[in-house]
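For reference, the structure discussed in these notes is given below.
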Amino acid sequence: MGAGGGPCAVVSLAVLVLSLASCVNGDDPYRFYNWNVTYGDIYPLGVKQQGILVNGQFPGPQIESVTNDNLVISVFNALDEPFLISWNGVQQKRNSWQDGVYGTNCPIPPGQNFTYILQVKDQIGSYFYFPSLAFHKAAGGFGGFKIFSRSVIPVPFPPPADDFTILAGDWFTKNHSDLRAILDGGSDLPFPDGLLINGRGSNGYTFTVDQGKTYRFRISNVGIATAINFRIQGHMMVLVEVEGTHTLQNTYGSLDIHLGQSYSVLVTCDQPSQDYYIVVSTRFTSKVLTATSVLRYSNSAGSVSGPPAGGPTMQIDWSLEQARSIRRNLTASGPRPNPQGSYHYGMINTTQTIRLTNSAPVINGKQRYAVNSVSFVPADTPLKLADYFNIPGVFGLGSVSDSPTGGAAYLQTSVMAADFRGYVEIVFENVEDTVQSWHIDGHNFFVVGMDGGQWTPASKLSYNLRDAISRCTVQVYPNSWTAVYMPLDNVGMWNVRSENWARQYLGQQFYLRIHSPANSWRDEYPIPSNVLLCGRAAGRHA
């Protein structure tokens with residue numbers, strides 16, 4: 001299933017793979033991908049602009065894998081600026097070296113190659129990859145990432161007739177470099193110019209189905225600015241999976257999908273044989289953008305006509321109630337044969353409460369964004385490398401507080417310390433009037449509660465301690481809070497960020513350093529033999 005892989009790729013990477021054989025399970029299959037990242041002209045909204053292509057494709061090639069597969073992804077950077085790819089929701093167990101964000105990896109220089117070697121250990125589900133540096137995400141470079149269950153693991157629904165990926169989100173007709181310059185100048189981005197579905201504007205994409213059959217749709221919001229609502233004209237959707245967790249199979253007419261989130265639904269094509277709109281529209285925006293694709297029955301007797309039906313727009317209570325209805329399927333297997341409900345997350349005592357408040361300060365006359373009054377600025381050296389080589393002066397542990405300070409915001413390379421095998425309660429507190437979307441690399445967490453108003457310890461009385469959904473990206477509604485429980489079971493340096501890309505670019509992020517004093521390969525893989533070294537790590541020996 002690899003794109004561009006084959007015997008040549010196997011031979012050329014043999015030494016590198018063998019050098020890591022002790023770090024990954026050699027009994028699990030390997031899949032090889034060769035990717036060439038280039039600029040190219042694209043016209044997604046009818047306006048010529050510079051896009052980022054992977055193997056000439058926008059969106060990029062899809063990764064299809066099975067639980068525990070080892071993926072060897074060789075990335076050649078043909079751009080004129082440094083580049084990195086990250087893997088939204090792929091946990092990189094014991095291996096933050098492969099996470100592909102600037103806190104863990106040196107960028108791939110122009111004209112050079114880097115080979116990621118990662119294992120989708122103990123994971124299933126629907127994800128995506130994306131470029132993590134320099135606002136490249138606004139130019140493309142993203143693609144779908146599926147992890148199928150192993151054949152010996154029962155899946156809680158019959159095999160669908162086909163499995164479709166939908167990468168949807170807002171889009172700007174300005175090049176990413178122009179958008180970046182707006183942010184660097186201290187201004188806010190303009191409103192997006194439109195929405196895309198799989199890299200195309202309205203009615204640019206068609207999904208062909210057979211009447212009477214059931215299909216799986218994996219939908220990810222790969223936008224940078226707005227939540228979306230997803231729906232299919234005349235059809236109901238049965239939710240089956242969210243970011244690697246099998247869900248209670250509730251039926252929905254439409255789904256809110258916030259920035260960075262991924263959902264998987266089953267759609268039975270049981271309507272009269274014709275064409276139907278697949279619709280995405282913006283949520284919580286005064287101006288509503290809409291884009292459509294076509295669901296075409298193979299024996300269709302008629303095309304789509306007229307405008308698509310409208311969806312929810314500003315209704316926060318509706319969205320909140322839908323979010324609360326998304327629960328974990330306790331009897332279904334996950335990546336392993338044991339039921340998902342066998343992990344009793346609500347019976348584990350938390351070791352720490354971390355409260356994170358977002359804000360939008362002006363610092364030195366420019367718009368910034370912050371977490372607990374600290375607006376993140378990248379260091380001159382990736383934090384993971386500085387930590388490994390004990391390079392002083394790159395970052396300080398405790399440089400962001402684990403609770404709101406109420407003080408004036410300031411710039412800092414913010415890193416929070418955490419202990420391996422801890423079990424934390426994290427409360428995201430949103431005192432602003434915009435919806436937030438938060439992601440944590442390397443982990444899934446249990447969304448135990450969300451509500452309006454101010455969080456207090458008494459809010460714990462309303463927590464769902466039985467069947468809360470486990471996921472990696474969660475929304476926080478305006479002037480509201482969301483609480484999660486998260487096991488700190490993955491040693492490494494992990495990015496905690498806003499999925500609103502302007503906010504993360506201007507400081508609404510930090511790194512969580514999960515440390516094990518054992519310094520053992522059982523807890524964390526060694527530094528890769530092909531690691532790129534830059535900044536103050538340049539010239540050192542791994």
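Residues are named by chain letter and number: chains run A, B, ... in the order of the structure tokens, numbers start at 1 in each chain, and ligands are numbered from 1 in the order shown.
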message: List as a PyMOL selection string the protein and nucleic acid residues near A:Leu79, meaning an atom at most 7 Å away when only C-alpha atoms are counted, but skip any in the same chain fewer than 3 places from it.
response: chain A and resi 37-39+110
Test item, alpha helix (DSSP H) assignment across stretch 311-360 of chain A, answer as a PyMOL selection string: chain A and resi 316-325
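Among A:Asn299, A:Asn372, A:Gln91, A:Asn250, the residue with the shortest atom-to-atom distance to A:Tyr127, counting only C-alpha atoms, is A:Gln91.
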query: Can you list, as a PyMOL selection string, every protein, DNA or RNA residue that comes within 10 Å of A:Gly406 when you count only C-alpha atoms, leaving out same-chain residues fewer than 2 positions away?
result: chain A and resi 357+372-373+403-404+408-409
Output N, CA and C atoms for every residue in the selection just made, as a short mmCIF file (atom, residue, chain, number, x, y, z; two decimals), in the first residue's frame.
data_model
loop_
_atom_site.label_atom_id
_atom_site.label_comp_id
_atom_site.auth_asym_id
_atom_site.auth_seq_id
_atom_site.Cartn_x
_atom_site.Cartn_y
_atom_site.Cartn_z
N THR A 357 -5.28 28.05 30.71
CA THR A 357 -6.14 29.13 30.25
C THR A 357 -5.52 29.82 29.05
N ASN A 372 -1.61 30.25 30.05
CA ASN A 372 -1.24 30.64 31.41
C ASN A 372 -0.24 31.81 31.38
N SER A 373 -0.54 32.77 30.52
CA SER A 373 0.20 34.04 30.38
C SER A 373 1.55 33.89 29.71
N SER A 403 -1.06 26.23 36.37
CA SER A 403 -2.36 26.86 36.65
C SER A 403 -2.27 28.32 36.22
N PRO A 404 -3.41 28.96 35.95
CA PRO A 404 -3.38 30.36 35.50
C PRO A 404 -2.73 31.26 36.54
N ALA A 408 0.68 39.49 33.69
CA ALA A 408 0.86 40.00 32.33
C ALA A 408 1.54 38.94 31.47
N ALA A 409 1.14 38.87 30.21
CA ALA A 409 1.69 37.86 29.32
C ALA A 409 3.11 38.24 28.89
#
Taking only residues of stretch 247-340 of chain A that have an atom at most 10 Å from an atom of stretch 492-514 of chain A, what is each one's shortest atom pair and its distance in Å to one decimal, using only C-alpha atoms, in chain and number order, as JSON lines?
{"residue": "A:His258", "atom": "CA", "partner": "A:Glu499", "partner_atom": "CA", "distance": 8.8}
{"residue": "A:Leu259", "atom": "CA", "partner": "A:Glu499", "partner_atom": "CA", "distance": 5.6}
{"residue": "A:Gly260", "atom": "CA", "partner": "A:Glu499", "partner_atom": "CA", "distance": 5.8}
{"residue": "A:Gln261", "atom": "CA", "partner": "A:Glu499", "partner_atom": "CA", "distance": 9.0}
field: A:Asp523, A:Asp80, A:Asp122, A:Asp441 ranked by distance to A:Asn338, top pick (using only C-alpha atoms)
entry: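 Using only C-alpha atoms, A:Asn338 sits closest to A:Asp122.
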field: Interatomic distance, atom CA of A:Lys174 to atom CA of A:Pro82 (Å, one decimal)
entry: 20.1 Å
message: Using only C-alpha atoms, can you tell me which of A:Val152, A:Ile124, A:Gln98, A:Asn88 comes closest to A:Thr67?
response: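 Comparing A:Val152, A:Ile124, A:Gln98, A:Asn88 against A:Thr67, the winner is A:Ile124.
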message: List the spatial neighbours of A:Arg540 as a ChimeraX atom specification - criterion: any atom at most 10 Å away, only C-alpha atoms, same-chain residues fewer than 6 positions off excluded.
response: /A:389,533-534
Would you save the residues of that selection, restricted to all heavy atoms, as a short mmCIF file (atom, residue, chain, number, x, y, z; two decimals), in the first residue's frame?
data_model
loop_
_atom_site.label_atom_id
_atom_site.label_comp_id
_atom_site.auth_asym_id
_atom_site.auth_seq_id
_atom_site.Cartn_x
_atom_site.Cartn_y
_atom_site.Cartn_z
N PHE A 389 21.19 16.21 24.88
CA PHE A 389 22.60 16.57 24.96
C PHE A 389 22.92 17.46 26.17
O PHE A 389 24.06 17.91 26.33
CB PHE A 389 23.02 17.30 23.69
CG PHE A 389 23.11 16.42 22.47
CD1 PHE A 389 22.24 16.61 21.40
CD2 PHE A 389 24.03 15.40 22.39
CE1 PHE A 389 22.31 15.81 20.26
CE2 PHE A 389 24.11 14.58 21.26
CZ PHE A 389 23.24 14.79 20.20
N LEU A 533 20.84 17.15 13.10
CA LEU A 533 21.33 17.98 14.20
C LEU A 533 21.46 19.42 13.70
O LEU A 533 21.98 19.68 12.61
CB LEU A 533 22.68 17.48 14.71
CG LEU A 533 22.68 16.05 15.28
CD1 LEU A 533 24.08 15.62 15.68
CD2 LEU A 533 21.73 15.95 16.47
N CYS A 534 20.99 20.35 14.51
CA CYS A 534 20.98 21.76 14.11
C CYS A 534 21.11 22.62 15.37
O CYS A 534 21.10 22.12 16.50
CB CYS A 534 19.69 22.09 13.35
SG CYS A 534 18.17 21.79 14.29
#
message: Calculated over only C-alpha atoms, which of the candidates A:Lys213, A:Pro272, A:Arg94, A:Ser325 has the smallest distance to A:Thr251?
response: A:Ser325
